[in-house]
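K.L.:
Okay, here's the structure, questions in a sec.
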Amino acid sequence: GVTVTTEGGGVVRAGFLLECGNGLMDGFDRRVDAHVMPICNYIVATEPLGTRAKGVIANDAAVADSRFVINYFRLSGDGRLLFGGGESYRRGLRTDVASFVRPYMLRIFPQLQDVRIDYAWGGVLAITLNRMPFVRRLSDKILVSAGYSGQGVALAPLFGKILAEAVKGQLERFDLLQRMPVPPFPGGKLMRYPMMVAGLSYYALRDRL
């Protein structure tokens, strides 16, 4: 099996170790770090829009655009606009989330210039170089699934089931995922993060042009 010793000196013994922390795994396993990098993404919720809501999204659809740094938005049950936009590549979450996301929102919905933002928050997700999830057997008893690249709400529960199947010896779906090519980030341990920031910043600039 596997023996894990915690920072506090505790010891956990198990038959398998599953590494499934996605964007919060940075620094945990160098073999995963080479393929999976954390970035931060942000969402705001406006005040209830009342009768103005239908002028924003008439059919209650959930919308995402085709930009490299995507914008995504929908209406909440009480008529607020939930808007996700903007990414930051520095370590740690921003504290000025509302003012950071508002310009992205107003580019699409300039008619909401006078609307108050009631809630704003951010979180850490994980990307891979080609946006394909990184699913691998790192050793006989260690499996990893991470790097959902913004699709984790849908993919993580499914991939959790697939890892559970693999632990029980049912490897068909796990082996299929293992065959997906997920190249390492260039630059090695020291340069992979600055090179990733430079590359993402370039594509974000192309969005604005």
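Labels for the structure tokens follow display order: chains A, B, ..., residues from 1 in each chain, ligands from 1.
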Quick check for you: according to DSSP on this backbone, which residues of segment 27-61 of chain A are classed as helix (DSSP H, G or I)? Reply as a PDB file with N, CA and C atoms, in the first residue's frame.

P.N.:
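File out.pdb, as written:
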```pdb
ATOM      1  N   ARG A  30       5.909  16.888  -7.812  1.00  0.00           N
ATOM      2  CA  ARG A  30       6.592  17.495  -8.958  1.00  0.00           C
ATOM      3  C   ARG A  30       6.168  16.856 -10.273  1.00  0.00           C
ATOM      4  N   ARG A  31       5.836  15.573 -10.247  1.00  0.00           N
ATOM      5  CA  ARG A  31       5.423  14.901 -11.477  1.00  0.00           C
ATOM      6  C   ARG A  31       4.119  15.480 -12.012  1.00  0.00           C
ATOM      7  N   VAL A  32       3.261  15.911 -11.112  1.00  0.00           N
ATOM      8  CA  VAL A  32       2.001  16.553 -11.507  1.00  0.00           C
ATOM      9  C   VAL A  32       2.236  18.015 -11.846  1.00  0.00           C
ATOM     10  N   ASP A  33       3.059  18.710 -11.062  1.00  0.00           N
ATOM     11  CA  ASP A  33       3.337  20.128 -11.293  1.00  0.00           C
ATOM     12  C   ASP A  33       3.841  20.386 -12.708  1.00  0.00           C
ATOM     13  N   GLY A  50     -34.559  42.892 -11.500  1.00  0.00           N
ATOM     14  CA  GLY A  50     -35.981  43.135 -11.683  1.00  0.00           C
ATOM     15  C   GLY A  50     -36.397  42.975 -13.133  1.00  0.00           C
ATOM     16  N   THR A  51     -37.160  43.939 -13.641  1.00  0.00           N
ATOM     17  CA  THR A  51     -37.655  43.848 -15.017  1.00  0.00           C
ATOM     18  C   THR A  51     -36.538  43.999 -16.042  1.00  0.00           C
ATOM     19  N   ARG A  52     -35.363  44.473 -15.620  1.00  0.00           N
ATOM     20  CA  ARG A  52     -34.241  44.638 -16.555  1.00  0.00           C
ATOM     21  C   ARG A  52     -33.597  43.295 -16.903  1.00  0.00           C
ATOM     22  N   ALA A  53     -33.884  42.255 -16.134  1.00  0.00           N
ATOM     23  CA  ALA A  53     -33.224  40.963 -16.346  1.00  0.00           C
ATOM     24  C   ALA A  53     -33.490  40.413 -17.742  1.00  0.00           C
ATOM     25  N   LYS A  54     -34.716  40.531 -18.232  1.00  0.00           N
ATOM     26  CA  LYS A  54     -35.044  39.991 -19.551  1.00  0.00           C
ATOM     27  C   LYS A  54     -34.298  40.718 -20.666  1.00  0.00           C
ATOM     28  N   GLY A  55     -33.885  41.948 -20.418  1.00  0.00           N
ATOM     29  CA  GLY A  55     -33.096  42.668 -21.404  1.00  0.00           C
ATOM     30  C   GLY A  55     -31.639  42.254 -21.417  1.00  0.00           C
TER      31      GLY A  55
END
```

K.L.:
Could you name the residues that touch segment 146-155 of chain A at 9 Å or less, counting only C-alpha atoms, but leaving out those on the same chain fewer than 2 positions away, as a ChimeraX atom specification?

P.N.:
/A:19-23,25,32,35-38,125-128,131-135,144,157-160

K.L.:
To one decimal place in Å, what is the distance between atom CA of Arg116 of chain A and atom CA of Glu47 of chain A?

P.N.:
5.6 Å

K.L.:
For the strand (DSSP E) assignment from backbone DSSP, which residues of segment 77-151 of chain A qualify? Please present them as a ChimeraX atom specification.

P.N.:
/A:81-88,117-127,134-139,142-146

K.L.:
Taking 2 positions as the minimum chain separation for residues in the same chain, which residues sit within 6 Å of segment 170-183 of chain A when counting only C-alpha atoms? Answer as a ChimeraX atom specification.

P.N.:
/A:135-136,162,165-166,168

K.L.:
Give me, please, the distance in Å between atom CA of Leu24 of chain A and atom CA of Ser66 of chain A, quoted to one decimal.

P.N.:
26.1 Å

K.L.:
Taking 6 positions as the minimum chain separation for residues in the same chain, which residues sit within 12 Å of segment 103-113 of chain A when counting only C-alpha atoms? Answer as JSON, numbers by chain.

P.N.:
{"A": [42, 43, 44, 45, 46, 47, 48, 49, 52, 53, 55, 56, 57, 63, 64, 65, 67, 69, 70, 71, 72, 73, 74, 80, 81, 82, 83, 84, 85, 86, 87, 97, 207, 208]}

K.L.:
Mind pulling up the distance from atom CA of Ala164 of chain A to atom CA of Leu143 of chain A?

P.N.:
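We find that atom CA of Leu143 of chain A and atom CA of Ala164 of chain A lie 10.0 Å from each other.
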